[in-house]
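Participant: Input protein-v3.pdb, format and content: PDB, C-alpha atoms, pLDDT in the B column.
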ATOM      1  CA  MET A   1     305.186 -70.066 255.087  1.00 72.00           C
ATOM      2  CA  SER A   2     303.042 -67.482 253.303  1.00 81.00           C
ATOM      3  CA  ILE A   3     304.619 -64.666 255.337  1.00 89.00           C
ATOM      4  CA  LEU A   4     308.070 -65.730 254.142  1.00 90.00           C
ATOM      5  CA  ILE A   5     306.864 -65.903 250.546  1.00 90.00           C
ATOM      6  CA  GLY A   6     305.292 -62.452 250.827  1.00 92.00           C
ATOM      7  CA  PHE A   7     308.470 -61.016 252.336  1.00 94.00           C
ATOM      8  CA  LEU A   8     310.688 -62.560 249.666  1.00 94.00           C
ATOM      9  CA  LEU A   9     308.368 -61.417 246.877  1.00 94.00           C
ATOM     10  CA  THR A  10     308.446 -57.865 248.256  1.00 95.00           C
ATOM     11  CA  ILE A  11     312.254 -57.876 248.395  1.00 96.00           C
ATOM     12  CA  HIS A  12     312.349 -59.383 244.901  1.00 96.00           C
ATOM     13  CA  VAL A  13     310.087 -56.716 243.362  1.00 96.00           C
ATOM     14  CA  ILE A  14     311.930 -53.856 245.068  1.00 96.00           C
ATOM     15  CA  THR A  15     315.242 -55.311 243.891  1.00 96.00           C
ATOM     16  CA  CYS A  16     313.931 -55.571 240.327  1.00 96.00           C
ATOM     17  CA  ILE A  17     312.790 -51.942 240.316  1.00 96.00           C
ATOM     18  CA  PHE A  18     316.095 -50.674 241.706  1.00 95.00           C
ATOM     19  CA  LEU A  19     318.044 -52.880 239.317  1.00 95.00           C
ATOM     20  CA  VAL A  20     316.236 -51.425 236.312  1.00 94.00           C
ATOM     21  CA  LEU A  21     316.728 -47.857 237.550  1.00 93.00           C
ATOM     22  CA  ILE A  22     320.433 -48.341 238.325  1.00 91.00           C
ATOM     23  CA  ILE A  23     321.099 -49.973 234.968  1.00 88.00           C
ATOM     24  CA  LEU A  24     319.374 -47.096 233.189  1.00 88.00           C
ATOM     25  CA  MET A  25     321.444 -44.558 235.154  1.00 85.00           C
ATOM     26  CA  GLN A  26     324.753 -46.082 234.144  1.00 81.00           C
ATOM     27  CA  ARG A  27     326.673 -44.375 231.425  1.00 72.00           C
ATOM     28  CA  PRO A  28     327.331 -46.783 228.590  1.00 68.00           C
ATOM     29  CA  LYS A  29     330.403 -46.524 226.408  1.00 62.00           C
ATOM     30  CA  ASN A  30     328.280 -45.269 223.514  1.00 55.00           C
ATOM     31  CA  GLU A  31     326.366 -42.737 225.652  1.00 55.00           C
ATOM     32  CA  GLY A  32     323.023 -44.454 224.986  1.00 51.00           C
ATOM     33  CA  LEU A  33     320.297 -44.244 227.638  1.00 52.00           C
ATOM     34  CA  GLY A  34     322.712 -42.745 230.141  1.00 51.00           C
ATOM     35  CA  THR A  35     322.105 -39.323 228.623  1.00 55.00           C
ATOM     36  CA  ALA A  36     318.365 -39.569 229.250  1.00 56.00           C
ATOM     37  CA  PHE A  37     318.932 -38.560 232.880  1.00 57.00           C
ATOM     38  CA  GLY A  38     321.268 -35.719 231.984  1.00 58.00           C
ATOM     39  CA  SER A  39     324.841 -35.894 230.825  1.00 55.00           C
ATOM     40  CA  GLY A  40     326.490 -35.221 234.169  1.00 57.00           C
ATOM     41  CA  LEU A  41     323.664 -35.997 236.546  1.00 57.00           C
ATOM     42  CA  THR A  42     325.159 -39.193 237.941  1.00 55.00           C
ATOM     43  CA  ASP A  43     328.606 -37.626 238.210  1.00 56.00           C
ATOM     44  CA  SER A  44     327.308 -34.653 240.156  1.00 57.00           C
ATOM     45  CA  PHE A  45     324.982 -36.779 242.267  1.00 58.00           C
ATOM     46  CA  LEU A  46     327.347 -39.630 243.128  1.00 56.00           C
ATOM     47  CA  GLY A  47     330.717 -37.979 242.561  1.00 57.00           C
ATOM     48  CA  ALA A  48     333.499 -38.549 240.069  1.00 54.00           C
ATOM     49  CA  SER A  49     333.578 -42.307 240.625  1.00 56.00           C
ATOM     50  CA  ALA A  50     329.884 -42.728 239.784  1.00 57.00           C
ATOM     51  CA  GLY A  51     330.637 -45.499 237.304  1.00 64.00           C
ATOM     52  CA  ASN A  52     332.349 -47.597 239.952  1.00 79.00           C
ATOM     53  CA  VAL A  53     329.597 -46.998 242.512  1.00 84.00           C
ATOM     54  CA  LEU A  54     326.836 -47.834 240.060  1.00 85.00           C
ATOM     55  CA  ALA A  55     328.680 -50.961 238.921  1.00 86.00           C
ATOM     56  CA  LYS A  56     329.012 -52.155 242.517  1.00 90.00           C
ATOM     57  CA  ILE A  57     325.360 -51.426 243.267  1.00 91.00           C
ATOM     58  CA  THR A  58     324.358 -53.287 240.098  1.00 92.00           C
ATOM     59  CA  THR A  59     326.467 -56.271 241.152  1.00 92.00           C
ATOM     60  CA  TRP A  60     324.918 -56.407 244.624  1.00 94.00           C
ATOM     61  CA  LEU A  61     321.397 -55.974 243.295  1.00 95.00           C
ATOM     62  CA  GLY A  62     322.054 -58.764 240.779  1.00 94.00           C
ATOM     63  CA  VAL A  63     323.234 -61.056 243.585  1.00 95.00           C
ATOM     64  CA  ILE A  64     320.137 -60.236 245.662  1.00 96.00           C
ATOM     65  CA  PHE A  65     317.941 -60.828 242.604  1.00 96.00           C
ATOM     66  CA  PHE A  66     319.390 -64.299 241.975  1.00 96.00           C
ATOM     67  CA  ILE A  67     319.276 -65.267 245.661  1.00 96.00           C
ATOM     68  CA  THR A  68     315.617 -64.288 246.027  1.00 96.00           C
ATOM     69  CA  THR A  69     314.772 -66.033 242.758  1.00 96.00           C
ATOM     70  CA  ILE A  70     316.409 -69.280 243.893  1.00 96.00           C
ATOM     71  CA  LEU A  71     314.823 -69.081 247.350  1.00 94.00           C
ATOM     72  CA  LEU A  72     311.357 -68.450 245.918  1.00 93.00           C
ATOM     73  CA  ALA A  73     311.740 -71.314 243.451  1.00 92.00           C
ATOM     74  CA  TYR A  74     312.873 -73.637 246.255  1.00 91.00           C
ATOM     75  CA  ILE A  75     310.029 -72.638 248.569  1.00 90.00           C
ATOM     76  CA  TYR A  76     307.367 -72.975 245.870  1.00 86.00           C
ATOM     77  CA  SER A  77     308.667 -76.364 244.741  1.00 84.00           C
ATOM     78  CA  HIS A  78     308.917 -77.827 248.259  1.00 80.00           C
ATOM     79  CA  ARG A  79     305.720 -76.364 249.614  1.00 75.00           C
ATOM     80  CA  GLN A  80     303.298 -78.894 251.035  1.00 65.00           C
ATOM     81  CA  ASN A  81     300.313 -79.533 248.860  1.00 60.00           C
ATOM     82  CA  GLU A  82     297.863 -76.934 250.069  1.00 58.00           C
ATOM     83  CA  LYS A  83     294.725 -78.039 248.306  1.00 57.00           C
ATOM     84  CA  SER A  84     291.917 -75.610 247.856  1.00 61.00           C
ATOM     85  CA  ARG A  85     288.272 -76.317 248.456  1.00 65.00           C
ATOM     86  CA  VAL A  86     287.593 -76.297 244.740  1.00 67.00           C
ATOM     87  CA  PHE A  87     290.200 -79.001 244.135  1.00 71.00           C
ATOM     88  CA  GLU A  88     288.741 -81.087 246.968  1.00 75.00           C
ATOM     89  CA  ARG A  89     285.202 -80.766 245.539  1.00 77.00           C
ATOM     90  CA  ILE A  90     286.342 -81.763 242.066  1.00 81.00           C
ATOM     91  CA  LYS A  91     288.201 -84.734 243.479  1.00 81.00           C
ATOM     92  CA  ALA A  92     285.196 -85.789 245.583  1.00 81.00           C
ATOM     93  CA  ALA A  93     282.802 -85.419 242.648  1.00 83.00           C
ATOM     94  CA  SER A  94     284.994 -87.478 240.346  1.00 82.00           C
ATOM     95  CA  ALA A  95     285.430 -90.146 243.017  1.00 79.00           C
ATOM     96  CA  ALA A  96     281.677 -90.265 243.632  1.00 76.00           C
ATOM     97  CA  SER A  97     280.887 -90.520 239.934  1.00 74.00           C
ATOM     98  CA  THR A  98     283.347 -93.372 239.410  1.00 73.00           C
ATOM     99  CA  ASN A  99     281.921 -95.246 242.416  1.00 68.00           C
ATOM    100  CA  ALA A 100     278.287 -94.762 241.335  1.00 58.00           C
ATOM    101  CA  GLN A 101     276.435 -97.722 239.840  1.00 60.00           C
ATOM    102  CA  PRO A 102     274.989 -97.422 236.333  1.00 59.00           C
ATOM    103  CA  GLY A 103     271.603 -95.727 236.448  1.00 58.00           C
ATOM    104  CA  GLN A 104     272.280 -94.236 239.864  1.00 57.00           C
ATOM    105  CA  THR A 105     272.496 -90.466 240.122  1.00 56.00           C
ATOM    106  CA  VAL A 106     275.134 -88.747 242.182  1.00 52.00           C
ATOM    107  CA  SER A 107     273.635 -86.198 244.563  1.00 56.00           C
ATOM    108  CA  ASN A 108     276.529 -83.700 244.602  1.00 53.00           C
ATOM    109  CA  ALA A 109     277.024 -83.665 240.846  1.00 52.00           C
ATOM    110  CA  ALA A 110     275.189 -81.091 238.763  1.00 55.00           C
ATOM    111  CA  PRO A 111     272.498 -82.597 236.532  1.00 55.00           C
ATOM    112  CA  ALA A 112     273.207 -82.450 232.867  1.00 58.00           C
ATOM    113  CA  ALA A 113     270.959 -80.199 230.819  1.00 62.00           C
ATOM    114  CA  VAL A 114     268.712 -82.172 228.498  1.00 61.00           C
ATOM    115  CA  PRO A 115     268.046 -80.393 225.225  1.00 64.00           C
ATOM    116  CA  GLN A 116     264.318 -79.912 224.597  1.00 68.00           C
ATOM    117  CA  PRO A 117     262.929 -80.153 221.070  1.00 67.00           C
ATOM    118  CA  VAL A 118     261.950 -76.824 219.640  1.00 66.00           C
ATOM    119  CA  ALA A 119     258.588 -76.577 217.885  1.00 64.00           C
ATOM    120  CA  PRO A 120     258.828 -75.006 214.460  1.00 65.00           C
ATOM    121  CA  VAL A 121     257.361 -71.545 214.222  1.00 63.00           C
ATOM    122  CA  ALA A 122     254.953 -70.998 211.359  1.00 62.00           C
ATOM    123  CA  ALA A 123     256.201 -68.282 209.108  1.00 61.00           C
ATOM    124  CA  GLU A 124     253.750 -65.459 208.813  1.00 65.00           C
ATOM    125  CA  THR A 125     253.160 -64.031 205.401  1.00 65.00           C
ATOM    126  CA  PRO A 126     253.033 -60.266 205.340  1.00 64.00           C
ATOM    127  CA  LYS A 127     249.619 -58.792 204.550  1.00 67.00           C
ATOM    128  CA  PRO A 128     249.561 -56.464 201.582  1.00 67.00           C
ATOM    129  CA  ALA A 129     249.126 -52.850 202.424  1.00 67.00           C
ATOM    130  CA  ALA A 130     245.825 -51.261 201.468  1.00 68.00           C
ATOM    131  CA  ALA A 131     246.044 -49.133 198.360  1.00 67.00           C
ATOM    132  CA  PRO A 132     245.146 -45.473 198.795  1.00 70.00           C
ATOM    133  CA  VAL A 133     241.805 -44.511 197.345  1.00 71.00           C
ATOM    134  CA  ALA A 134     241.907 -41.673 194.834  1.00 69.00           C
ATOM    135  CA  LYS A 135     239.040 -39.143 194.806  1.00 64.00           C
TER     136      LYS A 135
END
Any chance you could put this one into C-alpha coordinates?
Facilitator:
Amino acid sequence: MSILIGFLLTIHVITCIFLVLIILMQRPKNEGLGTAFGSGLTDSFLGASAGNVLAKITTWLGVIFFITTILLAYIYSHRQNEKSRVFERIKAASAASTNAQPGQTVSNAAPAAVPQPVAPVAAETPKPAAAPVAK
(Lines of atoms letter the chains of each structure in order from A and count residues from 1; the text may use other names and numbers.)
(Lines give C-alpha, C1' and ligand atoms only; values in the text may rest on other atoms or scores of the structure.)
Protein backbone atom coordinates (compact mmCIF):
# COMPACT_ATOMS: atom_id res chain seq x y z
CA MET A 1 0.00 0.00 0.00
CA SER A 2 2.83 2.40 0.83
CA ILE A 3 4.46 1.76 -2.56
CA LEU A 4 1.25 2.81 -4.31
CA ILE A 5 1.00 5.93 -2.16
CA GLY A 6 4.62 6.81 -2.88
CA PHE A 7 4.11 6.30 -6.61
CA LEU A 8 0.94 8.40 -6.68
CA LEU A 9 2.56 11.16 -4.62
CA THR A 10 5.51 11.24 -7.03
CA ILE A 11 3.19 11.50 -10.05
CA HIS A 12 1.16 14.15 -8.22
CA VAL A 13 4.18 16.35 -7.42
CA ILE A 14 5.60 16.05 -10.93
CA THR A 15 2.19 16.92 -12.37
CA CYS A 16 1.94 19.97 -10.10
CA ILE A 17 5.37 21.24 -11.17
CA PHE A 18 4.62 20.78 -14.87
CA LEU A 19 1.19 22.34 -14.46
CA VAL A 20 2.67 25.47 -12.90
CA LEU A 21 5.34 25.73 -15.60
CA ILE A 22 2.89 25.22 -18.47
CA ILE A 23 0.44 27.75 -17.07
CA LEU A 24 3.24 30.30 -16.72
CA MET A 25 4.34 29.67 -20.33
CA GLN A 26 0.92 30.36 -21.77
CA ARG A 27 0.36 33.71 -23.35
CA PRO A 28 -2.53 35.47 -21.68
CA LYS A 29 -4.75 37.89 -23.55
CA ASN A 30 -3.20 40.81 -21.67
CA GLU A 31 0.39 39.60 -22.21
CA GLY A 32 1.00 39.22 -18.46
CA LEU A 33 3.47 36.58 -17.27
CA GLY A 34 3.71 35.10 -20.74
CA THR A 35 6.29 37.73 -21.65
CA ALA A 36 8.56 36.68 -18.79
CA PHE A 37 9.84 33.78 -20.90
CA GLY A 38 10.32 35.92 -23.99
CA SER A 39 7.71 37.29 -26.33
CA GLY A 40 8.00 34.63 -29.02
CA LEU A 41 9.73 31.86 -27.13
CA THR A 42 6.75 29.52 -27.00
CA ASP A 43 5.87 30.22 -30.62
CA SER A 44 9.37 29.43 -31.82
CA PHE A 45 9.71 26.44 -29.51
CA LEU A 46 6.32 24.81 -30.08
CA GLY A 47 5.35 26.31 -33.43
CA ALA A 48 2.61 28.67 -34.52
CA SER A 49 -0.12 26.74 -32.72
CA ALA A 50 1.63 26.97 -29.35
CA GLY A 51 -1.51 28.28 -27.67
CA ASN A 52 -3.50 25.23 -28.69
CA VAL A 53 -0.74 22.82 -27.66
CA LEU A 54 -0.26 24.47 -24.29
CA ALA A 55 -4.01 24.52 -23.68
CA LYS A 56 -4.25 20.80 -24.41
CA ILE A 57 -1.27 20.01 -22.19
CA THR A 58 -2.81 22.11 -19.41
CA THR A 59 -6.10 20.23 -19.77
CA TRP A 60 -4.41 16.83 -19.56
CA LEU A 61 -2.24 17.85 -16.63
CA GLY A 62 -5.34 19.17 -14.86
CA VAL A 63 -7.11 15.85 -15.41
CA ILE A 64 -4.09 13.93 -14.08
CA PHE A 65 -3.92 16.29 -11.09
CA PHE A 66 -7.57 15.70 -10.15
CA ILE A 67 -7.34 11.94 -10.68
CA THR A 68 -4.26 11.59 -8.47
CA THR A 69 -5.84 13.85 -5.85
CA ILE A 70 -9.01 11.75 -5.72
CA LEU A 71 -7.05 8.48 -5.66
CA LEU A 72 -4.79 9.68 -2.85
CA ALA A 73 -7.77 10.90 -0.83
CA TYR A 74 -9.54 7.56 -1.33
CA ILE A 75 -6.48 5.52 -0.37
CA TYR A 76 -5.74 7.60 2.73
CA SER A 77 -9.36 7.48 3.90
CA HIS A 78 -9.76 3.72 3.41
CA ARG A 79 -6.37 2.70 4.69
CA GLN A 80 -6.44 0.19 7.51
CA ASN A 81 -5.60 1.64 10.87
CA GLU A 82 -1.85 1.26 11.00
CA LYS A 83 -1.18 2.14 14.60
CA SER A 84 2.27 3.18 15.61
CA ARG A 85 4.12 1.99 18.66
CA VAL A 86 3.66 5.35 20.33
CA PHE A 87 -0.12 5.15 19.95
CA GLU A 88 -0.10 1.60 21.34
CA ARG A 89 1.97 2.67 24.37
CA ILE A 90 -0.31 5.60 25.10
CA LYS A 91 -3.35 3.37 24.82
CA ALA A 92 -1.78 0.73 27.08
CA ALA A 93 -0.74 3.32 29.66
CA SER A 94 -4.19 4.88 29.78
CA ALA A 95 -5.81 1.46 30.05
CA ALA A 96 -3.44 0.46 32.86
CA SER A 97 -4.04 3.68 34.76
CA THR A 98 -7.82 3.34 34.55
CA ASN A 99 -7.62 -0.28 35.74
CA ALA A 100 -5.29 0.52 38.66
CA GLN A 101 -6.73 0.58 42.17
CA PRO A 102 -6.46 3.77 44.23
CA GLY A 103 -3.07 3.96 45.92
CA GLN A 104 -1.55 1.46 43.52
CA THR A 105 1.21 2.67 41.23
CA VAL A 106 1.37 1.70 37.60
CA SER A 107 4.78 0.32 36.65
CA ASN A 108 4.88 1.53 33.03
CA ALA A 109 3.70 5.05 33.79
CA ALA A 110 6.26 7.75 34.47
CA PRO A 111 6.25 8.96 38.09
CA ALA A 112 5.04 12.45 38.59
CA ALA A 113 7.62 14.96 39.76
CA VAL A 114 6.97 16.12 43.31
CA PRO A 115 7.93 19.73 43.88
CA GLN A 116 10.43 20.11 46.73
CA PRO A 117 10.26 23.12 49.04
CA VAL A 118 13.01 25.60 48.45
CA ALA A 119 14.85 26.96 51.48
CA PRO A 120 15.05 30.73 51.51
CA VAL A 121 18.49 32.11 50.86
CA ALA A 122 19.70 34.70 53.33
CA ALA A 123 20.43 37.93 51.58
CA GLU A 124 23.98 39.02 52.06
CA THR A 125 24.60 42.64 52.81
CA PRO A 126 27.49 44.11 50.89
CA LYS A 127 30.50 45.04 53.00
CA PRO A 128 31.57 48.65 52.71
CA ALA A 129 34.76 49.20 50.83
CA ALA A 130 37.75 50.34 52.85
CA ALA A 131 38.46 54.03 52.49
CA PRO A 132 41.87 54.92 51.08
CA VAL A 133 44.30 56.28 53.62
CA ALA A 134 45.76 59.68 52.78
CA LYS A 135 49.42 60.37 53.66
Participant: Show me, as JSON, the centre and edge lengths in Å to one decimal of the axis-aligned box that covers every listed atom of stretch 88-100 of chain A with 6 Å on each side.
Facilitator:
{"center_x": 283.5, "center_y": -88.0, "center_z": 243.2, "size_x": 22.5, "size_y": 26.5, "size_z": 19.6}
Participant: Mind pulling up the distance from atom CA of A:Ala55 to atom CA of A:Thr10?
Facilitator: 23.3 Å
Participant: Taking the file as shown, find all residues satisfying the PyMOL selection byres ((chain A and resi 58-67) around 8) and write them as number ranges by chain.
Facilitator: A: 12, 15-16, 18-19, 22-23, 54-57, 68-71
Participant: State, in Å with one decimal place, the distance from atom CA of A:Leu72 to atom CA of A:Gly6.
Facilitator: 9.8 Å
Participant: Name the closest residue to A:Val53 among the candidates A:Ala96, A:Ile14, A:Ala73, A:Met25; distances are taken between atoms, counting only C-alpha atoms.
Facilitator: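 Result for the nearest residue to A:Val53: A:Met25.
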Participant: Between atom CA of A:Leu9 and atom CA of A:Tyr74, what is the spacing in Å?
Facilitator: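 Between these atoms lies a distance of 13.0 Å.
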Participant: A:Pro132, A:Ser97, A:Phe87, A:Tyr76: which is nearest A:Leu8, counting only C-alpha atoms?
Facilitator: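 The closest residue to A:Leu8 is A:Tyr76.
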